[in-house]
>>> print(open('final01.txt').read())   # compact mmCIF, C-alpha atoms
# COMPACT_ATOMS: atom_id res chain seq x y z
CA MET A 1 14.72 -4.91 5.87
CA SER A 2 11.25 -4.77 4.31
CA VAL A 3 12.32 -6.19 0.93
CA GLU A 4 13.57 -9.30 2.69
CA ASN A 5 10.27 -9.53 4.60
CA VAL A 6 8.34 -9.46 1.32
CA LYS A 7 10.58 -12.13 -0.23
CA ARG A 8 10.16 -14.31 2.87
CA TYR A 9 6.38 -13.78 2.77
CA PHE A 10 6.24 -15.03 -0.84
CA LYS A 11 8.57 -17.96 -0.16
CA GLU A 12 6.65 -19.13 2.95
CA ARG A 13 3.46 -19.17 0.90
CA GLN A 14 5.13 -20.81 -2.10
CA LEU A 15 4.24 -17.84 -4.30
CA ASP A 16 6.48 -17.65 -7.33
CA TYR A 17 6.52 -13.86 -7.61
CA LYS A 18 9.57 -11.89 -8.63
CA VAL A 19 10.54 -8.97 -6.42
CA THR A 20 12.06 -6.26 -8.57
CA GLU A 21 14.65 -4.07 -6.90
CA VAL A 22 15.83 -0.90 -8.61
CA LYS A 23 18.65 1.51 -8.00
CA GLY A 24 17.58 4.93 -6.86
CA SER A 25 14.52 6.06 -5.03
CA THR A 26 11.01 4.77 -5.60
CA ALA A 27 9.60 6.88 -2.77
CA THR A 28 6.97 8.51 -4.97
CA VAL A 29 4.80 7.21 -7.76
CA GLU A 30 6.65 9.40 -10.24
CA LEU A 31 10.07 8.12 -9.14
CA ALA A 32 8.90 4.50 -9.17
CA ALA A 33 7.38 4.86 -12.65
CA LYS A 34 10.57 6.45 -13.95
CA ALA A 35 12.76 3.76 -12.37
CA LEU A 36 10.68 1.00 -13.95
CA GLY A 37 10.05 2.77 -17.25
CA VAL A 38 6.26 2.62 -16.97
CA LYS A 39 3.34 5.03 -16.73
CA PRO A 40 2.41 6.19 -13.21
CA ALA A 41 -0.98 4.46 -13.60
CA LEU A 42 0.84 1.10 -13.58
CA ILE A 43 2.38 1.70 -10.17
CA ALA A 44 0.46 0.27 -7.23
CA LYS A 45 0.65 2.64 -4.28
CA THR A 46 -0.23 1.61 -0.77
CA LEU A 47 -1.79 4.23 1.47
CA SER A 48 -2.03 3.82 5.25
CA PHE A 49 -4.97 5.24 7.20
CA LYS A 50 -6.24 5.28 10.77
CA LEU A 51 -9.93 4.69 11.45
CA LYS A 52 -11.79 6.25 14.35
CA ASP A 53 -11.68 3.02 16.38
CA ASN A 54 -7.86 3.18 16.12
CA ARG A 55 -7.70 0.35 13.59
CA ASN A 56 -5.29 0.88 10.73
CA ILE A 57 -6.02 -0.02 7.13
CA LEU A 58 -4.10 -0.13 3.88
CA LEU A 59 -5.64 0.95 0.62
CA VAL A 60 -3.90 -0.12 -2.58
CA ALA A 61 -4.57 2.09 -5.57
CA LYS A 62 -3.23 2.92 -9.00
CA GLY A 63 -0.43 5.42 -8.93
CA ASP A 64 -2.51 8.11 -10.61
CA ASP A 65 -5.59 7.62 -8.41
CA ARG A 66 -6.48 10.00 -5.64
CA ILE A 67 -8.57 9.35 -2.55
CA ASP A 68 -12.07 10.76 -2.89
CA ASN A 69 -12.57 12.23 0.60
CA ARG A 70 -16.36 12.20 0.34
CA LYS A 71 -16.50 8.51 -0.66
CA TYR A 72 -13.94 7.64 2.01
CA LYS A 73 -15.98 9.38 4.70
CA ASP A 74 -19.24 7.84 3.48
CA TYR A 75 -17.73 4.35 3.56
CA PHE A 76 -15.65 4.51 6.75
CA LYS A 77 -17.75 7.08 8.63
CA VAL A 78 -14.66 9.15 9.41
CA LYS A 79 -12.53 11.75 7.67
CA ALA A 80 -9.49 10.30 5.88
CA LYS A 81 -6.48 10.50 8.20
CA MET A 82 -3.22 9.09 6.93
CA LEU A 83 -0.74 7.60 9.36
CA LYS A 84 2.38 9.60 10.16
CA PRO A 85 5.65 8.20 8.74
CA ASP A 86 6.80 6.84 12.11
CA GLU A 87 3.40 5.15 12.61
CA VAL A 88 3.59 3.58 9.15
CA LEU A 89 7.00 2.09 9.91
CA GLU A 90 5.85 0.87 13.33
CA VAL A 91 2.72 -0.94 12.13
CA THR A 92 3.86 -2.18 8.70
CA GLY A 93 7.61 -2.61 9.03
CA HIS A 94 7.96 -0.63 5.78
CA SER A 95 9.05 2.97 5.44
CA VAL A 96 6.85 5.52 3.69
CA GLY A 97 7.60 5.30 -0.02
CA GLY A 98 8.17 1.56 0.22
CA VAL A 99 4.97 0.25 1.78
CA CYS A 100 3.39 -2.81 0.25
CA PRO A 101 0.60 -5.04 1.57
CA PHE A 102 2.93 -8.07 1.85
CA GLY A 103 5.48 -8.96 4.48
CA LEU A 104 3.84 -6.71 7.03
CA LYS A 105 5.07 -6.47 10.59
CA ASN A 106 1.44 -6.54 11.76
CA PHE A 107 -1.58 -7.60 9.75
CA PHE A 108 -4.26 -5.00 10.18
CA GLY A 109 -6.62 -5.38 7.26
CA ASN A 110 -6.26 -4.60 3.59
CA LEU A 111 -8.78 -3.39 1.07
CA PHE A 112 -8.02 -4.33 -2.49
CA ARG A 113 -9.79 -3.02 -5.51
CA CYS A 114 -9.34 -4.54 -8.94
CA ILE A 115 -7.45 -1.59 -10.39
CA PHE A 116 -5.39 -2.89 -13.27
CA LYS A 117 -7.96 -4.68 -15.46
CA ARG A 118 -7.80 -1.98 -18.10
CA PHE A 119 -4.08 -2.63 -18.59
>>> encode(input="final01.txt", output="structure tokens")
Amino acid sequence: MSVENVKRYFKERQLDYKVTEVKGSTATVELAAKALGVKPALIAKTLSFKLKDNRNILLVAKGDDRIDNRKYKDYFKVKAKMLKPDEVLEVTGHSVGGVCPFGLKNFFGNLFRCIFKRF
């Protein structure tokens, strides 16, 4: 189970982070925000993409952010192509709607942007 993988990841690295589990679905930003009683902007969403050399990347963004296709293409030199749900599960060990950049089945590169400074 991916929640257990995340907990193990934190424990192995002696990171004292609390993993919050909620009842009900957190499969979308809106559902996660509602379940936690916060604004969608405070939800970190993890998006999975395939690059043209078949590498996979994760982008972590605020819940209310959208991918700017032009900037994505300028930076990665390829059109944004999200992984299919079965690919996401295969490479991350997490199901779509529950992907986080920790406790991954395979490490394949993460890009983090400081997104919560304004909060």
>>> atom_distance(input="final01.txt", atom1="atom CA of A:Val78", atom2="atom CA of A:Asn54")
11.3 Å
>>> atom_distance(input="final01.txt", atom1="atom CA of A:Leu83", atom2="atom CA of A:Lys45")
14.6 Å
>>> residues_around(input="final01.txt", residues="A:Gly98", least_positions_apart="4", cutoff="10 Å", atoms="only C-alpha atoms", output="list of chain:residue names")
A:Ser2, A:Val3, A:Ser25, A:Thr26, A:Ala27, A:Thr28, A:Ala32, A:Lys45, A:Thr46, A:Leu89, A:Gly93, A:His94
>>> atom_distance(input="final01.txt", atom1="atom CA of A:Lys71", atom2="atom CA of A:Leu58")
15.8 Å
>>> residues_near_point(input="final01.txt", point="(13.8, -12.2, -1.5)", cutoff="12 Å", atoms="only C-alpha atoms", output="ChimeraX atom specification")
/A:1-12,15-21,103
>>> closest_residue(input="final01.txt", among="A:Val38, A:Ala61, A:Ala80, A:Leu31", to="A:Gly97", atoms="all atoms listed in the file")
A:Leu31
>>> closest_residue(input="final01.txt", among="A:Arg55, A:Asp64, A:Gly37, A:Lys79", to="A:Asn106", atoms="only C-alpha atoms")
A:Arg55
>>> build_atoms(input="final01.txt", residues="stretch 57-77 of chain A", atoms="N, CA, C and O atoms", output="PDB file, in the frame of the given file")
ATOM      1  N   ILE A  57      -5.724   0.690   8.364  1.00  0.00           N
ATOM      2  CA  ILE A  57      -6.020  -0.020   7.130  1.00  0.00           C
ATOM      3  C   ILE A  57      -5.030   0.409   6.047  1.00  0.00           C
ATOM      4  O   ILE A  57      -4.428   1.479   6.133  1.00  0.00           O
ATOM      5  N   LEU A  58      -4.875  -0.449   5.061  1.00  0.00           N
ATOM      6  CA  LEU A  58      -4.100  -0.130   3.880  1.00  0.00           C
ATOM      7  C   LEU A  58      -5.055  -0.109   2.693  1.00  0.00           C
ATOM      8  O   LEU A  58      -5.886  -0.995   2.555  1.00  0.00           O
ATOM      9  N   LEU A  59      -4.911   0.891   1.872  1.00  0.00           N
ATOM     10  CA  LEU A  59      -5.640   0.950   0.620  1.00  0.00           C
ATOM     11  C   LEU A  59      -4.609   0.902  -0.500  1.00  0.00           C
ATOM     12  O   LEU A  59      -3.638   1.657  -0.489  1.00  0.00           O
ATOM     13  N   VAL A  60      -4.805   0.004  -1.439  1.00  0.00           N
ATOM     14  CA  VAL A  60      -3.900  -0.120  -2.580  1.00  0.00           C
ATOM     15  C   VAL A  60      -4.616   0.464  -3.784  1.00  0.00           C
ATOM     16  O   VAL A  60      -5.745   0.084  -4.082  1.00  0.00           O
ATOM     17  N   ALA A  61      -3.954   1.391  -4.450  1.00  0.00           N
ATOM     18  CA  ALA A  61      -4.570   2.090  -5.570  1.00  0.00           C
ATOM     19  C   ALA A  61      -3.578   2.275  -6.702  1.00  0.00           C
ATOM     20  O   ALA A  61      -2.365   2.159  -6.510  1.00  0.00           O
ATOM     21  N   LYS A  62      -4.104   2.579  -7.880  1.00  0.00           N
ATOM     22  CA  LYS A  62      -3.230   2.920  -9.000  1.00  0.00           C
ATOM     23  C   LYS A  62      -2.467   4.179  -8.663  1.00  0.00           C
ATOM     24  O   LYS A  62      -2.960   5.048  -7.945  1.00  0.00           O
ATOM     25  N   GLY A  63      -1.294   4.287  -9.222  1.00  0.00           N
ATOM     26  CA  GLY A  63      -0.430   5.420  -8.930  1.00  0.00           C
ATOM     27  C   GLY A  63      -1.039   6.769  -9.247  1.00  0.00           C
ATOM     28  O   GLY A  63      -0.733   7.763  -8.592  1.00  0.00           O
ATOM     29  N   ASP A  64      -1.914   6.823 -10.247  1.00  0.00           N
ATOM     30  CA  ASP A  64      -2.510   8.110 -10.610  1.00  0.00           C
ATOM     31  C   ASP A  64      -3.876   8.335  -9.980  1.00  0.00           C
ATOM     32  O   ASP A  64      -4.531   9.333 -10.259  1.00  0.00           O
ATOM     33  N   ASP A  65      -4.313   7.427  -9.111  1.00  0.00           N
ATOM     34  CA  ASP A  65      -5.590   7.620  -8.410  1.00  0.00           C
ATOM     35  C   ASP A  65      -5.406   8.511  -7.192  1.00  0.00           C
ATOM     36  O   ASP A  65      -4.326   8.571  -6.606  1.00  0.00           O
ATOM     37  N   ARG A  66      -6.469   9.172  -6.845  1.00  0.00           N
ATOM     38  CA  ARG A  66      -6.480  10.000  -5.640  1.00  0.00           C
ATOM     39  C   ARG A  66      -7.634   9.526  -4.759  1.00  0.00           C
ATOM     40  O   ARG A  66      -8.629   9.016  -5.257  1.00  0.00           O
ATOM     41  N   ILE A  67      -7.498   9.720  -3.469  1.00  0.00           N
ATOM     42  CA  ILE A  67      -8.570   9.350  -2.550  1.00  0.00           C
ATOM     43  C   ILE A  67      -9.688  10.380  -2.662  1.00  0.00           C
ATOM     44  O   ILE A  67      -9.446  11.584  -2.577  1.00  0.00           O
ATOM     45  N   ASP A  68     -10.888   9.895  -2.870  1.00  0.00           N
ATOM     46  CA  ASP A  68     -12.070  10.760  -2.890  1.00  0.00           C
ATOM     47  C   ASP A  68     -12.531  10.882  -1.432  1.00  0.00           C
ATOM     48  O   ASP A  68     -13.065   9.922  -0.851  1.00  0.00           O
ATOM     49  N   ASN A  69     -12.281  12.041  -0.831  1.00  0.00           N
ATOM     50  CA  ASN A  69     -12.570  12.230   0.600  1.00  0.00           C
ATOM     51  C   ASN A  69     -14.036  11.996   0.939  1.00  0.00           C
ATOM     52  O   ASN A  69     -14.346  11.455   2.001  1.00  0.00           O
ATOM     53  N   ARG A  70     -14.933  12.398   0.080  1.00  0.00           N
ATOM     54  CA  ARG A  70     -16.360  12.200   0.340  1.00  0.00           C
ATOM     55  C   ARG A  70     -16.692  10.705   0.363  1.00  0.00           C
ATOM     56  O   ARG A  70     -17.362  10.213   1.267  1.00  0.00           O
ATOM     57  N   LYS A  71     -16.233   9.960  -0.620  1.00  0.00           N
ATOM     58  CA  LYS A  71     -16.500   8.510  -0.660  1.00  0.00           C
ATOM     59  C   LYS A  71     -15.845   7.804   0.520  1.00  0.00           C
ATOM     60  O   LYS A  71     -16.429   6.888   1.101  1.00  0.00           O
ATOM     61  N   TYR A  72     -14.634   8.227   0.862  1.00  0.00           N
ATOM     62  CA  TYR A  72     -13.940   7.640   2.010  1.00  0.00           C
ATOM     63  C   TYR A  72     -14.775   7.841   3.274  1.00  0.00           C
ATOM     64  O   TYR A  72     -15.042   6.905   4.016  1.00  0.00           O
ATOM     65  N   LYS A  73     -15.209   9.073   3.495  1.00  0.00           N
ATOM     66  CA  LYS A  73     -15.980   9.380   4.700  1.00  0.00           C
ATOM     67  C   LYS A  73     -17.318   8.649   4.706  1.00  0.00           C
ATOM     68  O   LYS A  73     -17.752   8.145   5.744  1.00  0.00           O
ATOM     69  N   ASP A  74     -17.961   8.561   3.563  1.00  0.00           N
ATOM     70  CA  ASP A  74     -19.240   7.840   3.480  1.00  0.00           C
ATOM     71  C   ASP A  74     -19.053   6.360   3.808  1.00  0.00           C
ATOM     72  O   ASP A  74     -19.883   5.760   4.488  1.00  0.00           O
ATOM     73  N   TYR A  75     -17.967   5.777   3.350  1.00  0.00           N
ATOM     74  CA  TYR A  75     -17.730   4.350   3.560  1.00  0.00           C
ATOM     75  C   TYR A  75     -17.251   4.051   4.983  1.00  0.00           C
ATOM     76  O   TYR A  75     -17.763   3.145   5.631  1.00  0.00           O
ATOM     77  N   PHE A  76     -16.262   4.801   5.454  1.00  0.00           N
ATOM     78  CA  PHE A  76     -15.650   4.510   6.750  1.00  0.00           C
ATOM     79  C   PHE A  76     -16.237   5.300   7.906  1.00  0.00           C
ATOM     80  O   PHE A  76     -15.896   5.072   9.063  1.00  0.00           O
ATOM     81  N   LYS A  77     -17.092   6.257   7.598  1.00  0.00           N
ATOM     82  CA  LYS A  77     -17.750   7.080   8.630  1.00  0.00           C
ATOM     83  C   LYS A  77     -16.774   7.925   9.427  1.00  0.00           C
ATOM     84  O   LYS A  77     -16.985   8.220  10.605  1.00  0.00           O
TER      85      LYS A  77
END
